[in-house]
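S.K.: query.txt is reproduced in full below (compact mmCIF, C-alpha atoms).
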# COMPACT_ATOMS: atom_id res chain seq x y z
CA LEU A 1 23.39 88.25 144.20
CA ALA A 2 26.94 87.04 144.09
CA SER A 3 29.42 89.50 145.43
CA LYS A 4 32.45 90.59 143.48
CA PHE A 5 34.54 88.39 145.71
CA ASP A 6 32.62 85.32 144.58
CA ARG A 7 33.54 85.73 140.89
CA LYS A 8 35.96 83.22 139.45
CA ILE A 9 39.04 84.66 137.83
CA ASP A 10 40.44 82.84 134.85
CA PRO A 11 44.26 82.57 135.29
CA LEU A 12 44.76 82.78 131.51
CA SER A 13 43.00 86.12 131.33
CA VAL A 14 45.35 87.49 133.97
CA ILE A 15 48.42 86.37 131.95
CA VAL A 16 47.04 87.88 128.75
CA SER A 17 46.24 91.17 130.46
CA ARG A 18 49.77 91.38 131.76
CA MET A 19 51.16 90.81 128.27
CA GLU A 20 49.13 93.62 126.72
CA PRO A 21 51.16 96.71 125.72
CA THR A 22 51.18 99.44 128.30
CA SER A 23 53.23 102.11 126.54
CA SER A 24 52.92 103.96 123.27
CA LEU A 25 56.21 102.45 122.09
CA ASN A 26 54.97 98.89 122.66
CA ARG A 27 51.78 99.66 120.74
CA GLY A 28 53.84 100.93 117.84
CA GLU A 29 52.71 104.53 118.26
CA ARG A 30 55.11 107.40 117.57
CA LYS A 31 55.72 110.32 119.84
CA ASN A 32 55.97 113.72 118.17
CA LYS A 33 55.72 112.05 114.75
CA SER A 34 59.16 110.49 115.14
CA SER A 35 60.16 107.39 113.20
CA LEU A 36 59.77 103.96 114.75
CA VAL A 37 62.54 101.54 113.81
CA THR A 38 62.23 97.89 114.88
CA GLY A 39 60.59 98.78 118.17
CA SER A 40 62.92 101.71 118.80
CA GLU A 41 62.11 105.38 118.65
CA VAL A 42 64.25 107.95 116.85
CA GLN A 43 64.25 111.04 119.07
CA SER A 44 65.39 114.46 117.97
CA GLN A 45 67.76 116.53 120.06
CA SER A 46 67.70 120.30 120.35
CA GLY A 47 70.47 120.69 117.82
CA GLY A 48 68.52 118.87 115.16
CA ALA A 49 70.54 115.66 115.40
CA SER A 50 68.80 112.41 116.23
CA TYR A 51 69.72 109.35 118.22
CA ILE A 52 68.28 105.85 118.35
CA THR A 53 67.41 103.88 121.44
CA THR A 54 67.04 100.17 120.86
CA ASP A 55 65.75 97.20 122.79
CA SER A 56 68.71 95.06 121.76
CA GLU A 57 72.20 95.42 120.31
CA LYS A 58 71.25 93.93 116.97
CA SER A 59 70.87 97.23 115.16
CA LEU A 60 74.10 98.54 116.70
CA VAL A 61 76.03 95.52 115.49
CA SER A 62 74.58 95.83 112.00
CA ARG A 63 75.51 99.52 111.81
CA GLN A 64 79.06 98.78 112.93
CA ALA A 65 79.35 96.02 110.34
CA SER A 66 78.17 98.34 107.57
CA GLN A 67 80.73 100.97 108.62
CA VAL A 68 83.57 98.45 108.57
CA GLU A 69 82.61 97.35 105.07
CA GLN A 70 82.89 100.98 103.89
CA ILE A 71 86.60 101.13 104.76
CA GLU A 72 88.79 101.55 101.68
CA LEU A 73 92.08 99.64 101.45
CA ARG A 74 94.78 101.94 100.09
CA THR A 75 98.06 100.23 100.96
CA TYR A 76 98.88 96.63 101.85
CA VAL A 77 102.61 95.99 102.09
CA PHE A 78 104.05 92.76 103.48
CA LEU A 79 107.78 92.67 104.20
CA ASP A 80 109.01 89.11 104.70
CA SER A 81 112.20 90.12 106.52
CA LEU A 82 113.02 93.61 107.73
CA GLN A 83 116.53 94.60 106.76
CA PRO A 84 118.78 96.03 109.51
CA GLN A 85 118.84 99.67 108.42
CA LEU A 86 115.11 99.85 107.66
CA ALA A 87 114.28 98.15 110.97
CA ALA A 88 116.48 100.66 112.82
CA TYR A 89 114.90 103.58 110.99
CA MET A 90 111.36 102.38 111.77
CA GLY A 91 112.42 101.97 115.39
CA THR A 92 113.43 105.64 115.62
CA VAL A 93 109.95 106.80 114.56
CA SER A 94 107.97 104.05 116.30
CA ARG A 95 105.90 104.87 119.38
CA GLY A 96 104.89 101.27 119.95
CA PHE A 97 106.86 98.03 120.01
CA LEU A 98 110.23 98.23 118.29
CA PRO A 99 110.96 96.04 115.27
CA ILE A 100 113.90 93.66 115.18
CA PRO A 101 115.90 92.95 111.99
CA GLY A 102 114.50 89.81 110.43
CA ASP A 103 110.96 90.40 111.71
CA SER A 104 108.07 90.21 109.29
CA CYS A 105 106.13 93.43 108.88
CA LEU A 106 102.70 94.37 107.59
CA TRP A 107 102.03 97.99 106.71
CA MET A 108 98.41 98.82 105.96
CA GLU A 109 96.80 102.13 105.07
CA VAL A 110 93.04 102.71 104.97
CA SER A 111 90.56 105.48 104.37
CA PRO A 112 88.98 107.27 106.21
CA GLY A 113 91.70 107.97 108.74
CA MET A 114 89.74 107.25 111.92
CA ALA A 115 88.90 103.78 110.62
CA ILE A 116 92.44 102.69 111.47
CA HIS A 117 91.35 102.25 115.10
CA ARG A 118 88.80 99.59 114.14
CA VAL A 119 91.24 97.92 111.74
CA THR A 120 93.99 97.88 114.39
CA ASP A 121 91.63 96.33 116.93
CA ILE A 122 90.70 93.54 114.50
CA ALA A 123 94.35 92.82 113.63
CA LEU A 124 95.61 92.70 117.22
CA LYS A 125 92.81 90.39 118.36
CA ALA A 126 93.43 87.99 115.46
CA SER A 127 96.96 86.90 116.45
CA ASN A 128 100.01 87.69 118.60
CA VAL A 129 101.38 90.46 116.37
CA ARG A 130 102.91 93.54 117.99
CA LEU A 131 101.82 97.05 117.11
CA GLY A 132 104.76 99.26 116.19
CA GLN A 133 103.06 102.29 114.69
CA MET A 134 99.56 103.67 114.30
CA ILE A 135 99.14 106.99 112.49
CA VAL A 136 95.82 108.81 112.17
CA GLU A 137 95.87 111.49 109.48
CA ARG A 138 93.14 113.74 108.15
CA GLU A 139 92.25 111.44 105.27
CA PHE A 140 94.20 108.22 105.83
CA GLY A 141 95.21 105.96 108.69
CA SER A 142 98.15 103.54 108.82
CA PHE A 143 99.62 100.89 111.09
CA ALA A 144 102.71 98.69 111.24
CA LEU A 145 102.54 95.18 112.69
CA TYR A 146 105.61 93.07 113.56
CA HIS A 147 106.26 89.44 114.40
CA LYS A 148 109.11 87.00 113.86
CA ASP A 149 106.69 84.49 112.30
CA GLN A 150 105.51 85.40 108.80
CA SER A 151 102.33 83.33 109.05
CA THR A 152 101.26 85.21 112.19
CA VAL A 153 101.52 88.56 110.44
CA LEU A 154 99.78 87.28 107.32
CA HIS A 155 96.95 85.82 109.41
CA SER A 156 96.17 89.18 110.99
CA GLY A 157 96.21 90.75 107.55
CA ASP A 158 93.80 88.12 106.20
CA VAL A 159 91.39 88.66 109.08
CA VAL A 160 91.37 92.41 108.48
CA LEU A 161 90.79 91.98 104.75
CA ASP A 162 87.91 89.61 105.42
CA ALA A 163 86.37 92.02 107.94
CA ILE A 164 86.38 94.99 105.55
CA GLY A 165 85.34 92.87 102.58
CA SER A 166 88.49 93.52 100.58
CA GLU A 167 91.41 91.68 98.99
CA VAL A 168 95.06 92.42 98.36
CA ARG A 169 94.38 92.85 94.65
CA LYS A 170 91.85 95.61 95.48
CA ARG A 171 94.46 97.85 97.11
CA THR A 172 95.31 101.11 95.41
CA LYS A 173 97.99 100.50 92.81
CA PRO A 174 101.21 102.43 93.45
CA SER A 175 102.47 105.04 91.06
CA THR A 176 105.94 106.60 90.90
CA SER A 177 105.71 110.38 91.10
CA TRP A 178 109.45 111.08 90.97
CA THR A 179 112.69 109.13 90.74
CA GLU A 180 116.22 110.41 90.24
CA ILE A 181 119.90 109.68 90.94
CA ILE A 182 122.11 112.64 91.86
CA ARG A 183 125.81 111.83 91.59
CA ALA A 184 128.63 113.32 93.68
CA ILE A 185 126.47 115.39 95.98
CA THR A 186 127.96 118.71 97.15
CA PRO A 187 128.93 119.45 100.79
CA ASP A 188 126.28 122.17 101.23
CA HIS A 189 123.57 119.88 99.91
CA SER A 190 124.59 116.98 102.14
CA VAL A 191 124.69 119.16 105.29
CA LEU A 192 121.18 120.45 104.68
CA ILE A 193 119.80 116.95 104.03
CA ASN A 194 121.38 115.68 107.25
CA ARG A 195 119.86 118.51 109.27
CA GLN A 196 116.41 117.85 107.81
CA ASN A 197 116.50 114.09 108.30
CA ARG A 198 117.44 113.15 111.85
CA SER A 199 115.94 109.62 111.93
CA GLY A 200 118.14 107.88 109.35
CA SER A 201 121.84 107.72 108.56
CA MET A 202 123.86 110.66 107.32
CA ILE A 203 124.83 111.30 103.73
CA GLN A 204 128.39 112.42 103.03
CA ALA A 205 129.63 114.82 100.40
CA GLY A 206 130.71 113.03 97.23
CA MET A 207 128.18 110.22 97.64
CA SER A 208 125.51 109.52 95.06
CA MET A 209 121.89 109.89 96.15
CA PHE A 210 118.75 108.10 94.94
CA ILE A 211 115.35 109.67 95.62
CA LEU A 212 111.96 108.07 95.02
CA GLU A 213 108.45 109.38 95.53
CA THR A 214 105.38 107.13 95.41
CA GLU A 215 101.63 107.37 95.82
CA PRO A 216 100.21 106.02 98.13
CA ALA A 217 102.97 106.64 100.64
CA GLY A 218 103.37 103.22 102.26
CA TYR A 219 104.87 101.54 99.23
CA VAL A 220 108.25 103.20 99.80
CA LEU A 221 108.79 100.69 102.61
CA LYS A 222 108.80 97.86 100.09
CA ALA A 223 111.16 99.82 97.87
CA ALA A 224 113.53 100.54 100.77
CA ASN A 225 113.59 96.95 102.00
CA GLU A 226 114.29 95.51 98.55
CA ALA A 227 116.98 98.12 97.89
CA GLU A 228 118.80 97.20 101.08
CA LYS A 229 118.62 93.52 100.14
CA ALA A 230 120.09 94.20 96.72
CA SER A 231 122.93 96.59 97.46
CA ASN A 232 125.28 98.06 100.05
CA ILE A 233 123.63 101.42 100.49
CA THR A 234 122.85 103.87 103.30
CA VAL A 235 119.21 104.51 104.27
CA VAL A 236 118.92 108.25 104.78
CA ASP A 237 115.16 108.83 104.92
CA VAL A 238 111.96 106.78 104.56
CA LYS A 239 108.68 108.68 104.90
CA ALA A 240 105.71 106.28 104.56
CA VAL A 241 102.91 108.58 105.75
CA GLY A 242 101.11 111.46 104.08
CA ALA A 243 99.86 111.88 100.55
CA PHE A 244 103.20 110.78 99.05
CA GLY A 245 105.94 108.45 100.27
CA ARG A 246 109.56 109.55 99.98
CA LEU A 247 112.71 107.44 100.00
CA THR A 248 116.29 108.72 100.09
CA LEU A 249 119.27 106.36 99.74
CA ALA A 250 122.97 107.12 99.48
CA GLY A 251 126.20 105.31 98.69
CA LYS A 252 128.73 104.68 95.96
CA GLU A 253 127.50 105.33 92.44
CA GLY A 254 127.36 101.67 91.39
CA ASP A 255 125.66 100.60 94.61
CA VAL A 256 123.07 103.36 94.33
CA GLU A 257 122.25 102.43 90.74
CA GLU A 258 121.72 98.81 91.78
CA ALA A 259 119.53 99.86 94.71
CA ALA A 260 117.50 102.17 92.47
CA ALA A 261 116.79 99.34 90.04
CA ALA A 262 115.66 97.07 92.88
CA SER A 263 113.38 99.78 94.32
CA ILE A 264 111.69 100.57 91.02
CA ASN A 265 111.28 96.88 90.25
CA ALA A 266 109.57 96.33 93.62
CA ILE A 267 107.04 99.06 92.89
CA GLU A 268 106.38 97.75 89.39
CA GLN A 269 105.75 94.24 90.69
CA ILE A 270 103.04 95.55 93.01
CA SER A 271 101.52 97.60 90.21
CA ASN A 272 101.34 94.54 87.95
CA PHE A 273 99.96 92.21 90.63
Would you mind writing the file's structure down as structure tokens?
M.R.:
Amino acid sequence: LASKFDRKIDPLSVIVSRMEPTSSLNRGERKNKSSLVTGSEVQSQSGGASYITTDSEKSLVSRQASQVEQIELRTYVFLDSLQPQLAAYMGTVSRGFLPIPGDSCLWMEVSPGMAIHRVTDIALKASNVRLGQMIVEREFGSFALYHKDQSTVLHSGDVVLDAIGSEVRKRTKPSTSWTEIIRAITPDHSVLINRQNRSGSMIQAGMSMFILETEPAGYVLKAANEAEKASNITVVDVKAVGAFGRLTLAGKEGDVEEAAAASINAIEQISNF
């Protein structure tokens, strides 16, 4: 009789045996009746939540892509040339790189708020833009990008829009919630306004004041920039974050009326785009 050492071993059989599944996951079996997703097991934690372990990053990438496509574009405002007063005001509230008068600026607001981190990452990696502001609110998130070259700023904006599957025309249309001109403001009123608004210039008693409120908030930046282009006015306050945007301008009566017309026209042009 031939001993067991005399038997010939087929090399192919050894390779096949090594390729056979050795674990329940490889055989497609489920542990504890959990779901099997593309070779990965969904395991439940004690708190009832579940997590997925995968053999590759393909599913992770697909989930991230689907999340990015769920981002809603609320505000897309491109300013071709920041006017001196608006640039100075934005510099006082900026925690990032400071804008310079004449820089191009892109202000974008998205929903949900935490999505602004992903959007910011995409924009900064697309070109050499500088990040001036990034605000994360409960519902919305916003950022401000600056660069002296308009095409650089626009390129980052285009890359973001492409990533979230949106277009400029799909942004939320602005609406004017309140607009008014108050002439010959009183001393008490002017003092209180100046104490409330420490970032902009001061308003003096006897000046006329133009106030504008928009929804979404970011569109007041366009209104402020166009108003400063059109007239010799003083920028008192520009709030571009929150549920509503608020703009306060001051100056001589004729100058304020001209600035008000330019601001309202800027908002209407976006609404009709």
S.K.: Find, counting only C-alpha atoms, the residue in A:Thr120, A:Ser263, A:Val236, A:Pro84 that gets nearest to A:Asn194.
M.R.: A:Val236
S.K.: Point out the residue among A:Val110, A:Val153, A:Ile270, A:Ala227 with the least atom-to-atom distance to A:Leu124, counting all atoms listed in the file.
M.R.: A:Val153
S.K.: Which is closer to A:Leu131 than all the others in A:Phe210, A:Gly96, A:Ser104, A:Leu161, using only C-alpha atoms?
M.R.: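 Nearest to A:Leu131: A:Gly96.
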S.K.: Could you list, as a list of chain:residue names, every residue within 6 Å of stretch 178-185 of chain A, counting only C-alpha atoms and ignoring same-chain residues fewer than 5 positions away?
M.R.: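 So, after excluding close chain neighbours, the residues are A:Ala205, A:Gly206, A:Met207, A:Ser208, A:Met209, A:Phe210, A:Ile211, A:Leu212, A:Glu213.
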S.K.: What is the atom CA of A:Val168 to atom CA of A:Ala261 distance in Å?
M.R.: 24.3 Å
S.K.: Residues at most 10 Å from A:Lys148, counting only C-alpha atoms, excluding those fewer than 3 positions away in the same chain, as a PyMOL selection string?
M.R.: chain A and resi 80-82+99-105+129-130+151-153
S.K.: Report the distance between atom CA of A:Glu72 and atom CA of A:Arg169 in Å, rounded to one decimal place.
M.R.: 12.5 Å
S.K.: Name the residues in contact with A:Leu221 at a cut-off of 8 Å, using all atoms listed in the file, excluding same-chain residues fewer than 2 positions from it; report them as a list of chain:residue names.
M.R.: A:Val77, A:Gly218, A:Tyr219, A:Ala223, A:Ala224, A:Asn225, A:Val238, A:Ala240
S.K.: Leaving out A:Met108 and any residue of its chain fewer than 4 positions from it, which residues lie within 6 Å of it when counting only C-alpha atoms, given as a list in words?
M.R.: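 Contacts, with the query itself left out: Thr75, Tyr76, Ser142 and Phe143 of chain A.
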S.K.: Nearest to A:Gly157 among A:Arg118, A:Ile135, A:Trp107, A:Ala266, with distances taken over only C-alpha atoms: which residue is it?
M.R.: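 With only C-alpha atoms as the atom set, the closest residue is A:Trp107.
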S.K.: With N, CA and C atoms as the target, complete stretch 146-175 of chain A and hand it back as a short mmCIF file (atom, residue, chain, number, x, y, z; two decimals), in the frame of the given file.
M.R.:
data_model
loop_
_atom_site.label_atom_id
_atom_site.label_comp_id
_atom_site.auth_asym_id
_atom_site.auth_seq_id
_atom_site.Cartn_x
_atom_site.Cartn_y
_atom_site.Cartn_z
N TYR A 146 104.37 93.84 113.61
CA TYR A 146 105.61 93.07 113.56
C TYR A 146 105.43 91.72 114.24
N HIS A 147 106.14 90.74 113.73
CA HIS A 147 106.26 89.44 114.40
C HIS A 147 107.35 88.65 113.70
N LYS A 148 108.04 87.80 114.45
CA LYS A 148 109.11 87.00 113.86
C LYS A 148 108.57 85.92 112.93
N ASP A 149 107.30 85.54 113.12
CA ASP A 149 106.69 84.49 112.30
C ASP A 149 105.87 85.12 111.18
N GLN A 150 106.21 84.81 109.94
CA GLN A 150 105.51 85.40 108.80
C GLN A 150 104.03 85.03 108.78
N SER A 151 103.71 83.78 109.11
CA SER A 151 102.33 83.33 109.05
C SER A 151 101.46 84.07 110.06
N THR A 152 102.03 84.46 111.19
CA THR A 152 101.26 85.21 112.19
C THR A 152 100.86 86.57 111.66
N VAL A 153 101.81 87.24 111.02
CA VAL A 153 101.52 88.56 110.44
C VAL A 153 100.51 88.45 109.30
N LEU A 154 100.69 87.47 108.44
CA LEU A 154 99.78 87.28 107.32
C LEU A 154 98.37 86.93 107.79
N HIS A 155 98.28 86.18 108.89
CA HIS A 155 96.95 85.82 109.41
C HIS A 155 96.18 87.05 109.85
N SER A 156 96.84 87.94 110.58
CA SER A 156 96.17 89.18 110.99
C SER A 156 95.74 89.99 109.78
N GLY A 157 96.58 90.03 108.77
CA GLY A 157 96.21 90.75 107.55
C GLY A 157 95.00 90.13 106.87
N ASP A 158 94.94 88.81 106.82
CA ASP A 158 93.80 88.12 106.20
C ASP A 158 92.51 88.39 106.95
N VAL A 159 92.59 88.40 108.28
CA VAL A 159 91.39 88.66 109.08
C VAL A 159 90.88 90.07 108.85
N VAL A 160 91.78 91.03 108.75
CA VAL A 160 91.37 92.41 108.48
C VAL A 160 90.72 92.52 107.10
N LEU A 161 91.35 91.92 106.11
CA LEU A 161 90.79 91.98 104.75
C LEU A 161 89.40 91.37 104.70
N ASP A 162 89.22 90.27 105.39
CA ASP A 162 87.91 89.61 105.42
C ASP A 162 86.88 90.50 106.12
N ALA A 163 87.30 91.18 107.17
CA ALA A 163 86.37 92.02 107.94
C ALA A 163 85.89 93.22 107.13
N ILE A 164 86.77 93.81 106.33
CA ILE A 164 86.38 94.99 105.55
C ILE A 164 85.91 94.62 104.15
N GLY A 165 85.83 93.32 103.87
CA GLY A 165 85.34 92.87 102.58
C GLY A 165 86.24 93.24 101.42
N SER A 166 87.55 93.14 101.63
CA SER A 166 88.49 93.52 100.58
C SER A 166 89.48 92.40 100.33
N GLU A 167 90.35 92.62 99.35
CA GLU A 167 91.41 91.68 98.99
C GLU A 167 92.67 92.45 98.66
N VAL A 168 93.79 91.75 98.66
CA VAL A 168 95.06 92.42 98.36
C VAL A 168 95.03 93.03 96.96
N ARG A 169 94.41 92.35 96.03
CA ARG A 169 94.38 92.85 94.65
C ARG A 169 93.53 94.11 94.50
N LYS A 170 92.70 94.42 95.53
CA LYS A 170 91.85 95.61 95.48
C LYS A 170 92.53 96.84 96.07
N ARG A 171 93.74 96.69 96.57
CA ARG A 171 94.46 97.85 97.11
C ARG A 171 94.76 98.84 96.00
N THR A 172 94.97 100.09 96.39
CA THR A 172 95.31 101.11 95.41
C THR A 172 96.67 100.81 94.81
N LYS A 173 96.73 100.79 93.49
CA LYS A 173 97.99 100.50 92.81
C LYS A 173 98.98 101.65 92.99
N PRO A 174 100.24 101.35 93.27
CA PRO A 174 101.21 102.43 93.45
C PRO A 174 101.62 103.07 92.13
N SER A 175 101.93 104.33 92.21
CA SER A 175 102.47 105.04 91.06
C SER A 175 103.72 105.79 91.50
#
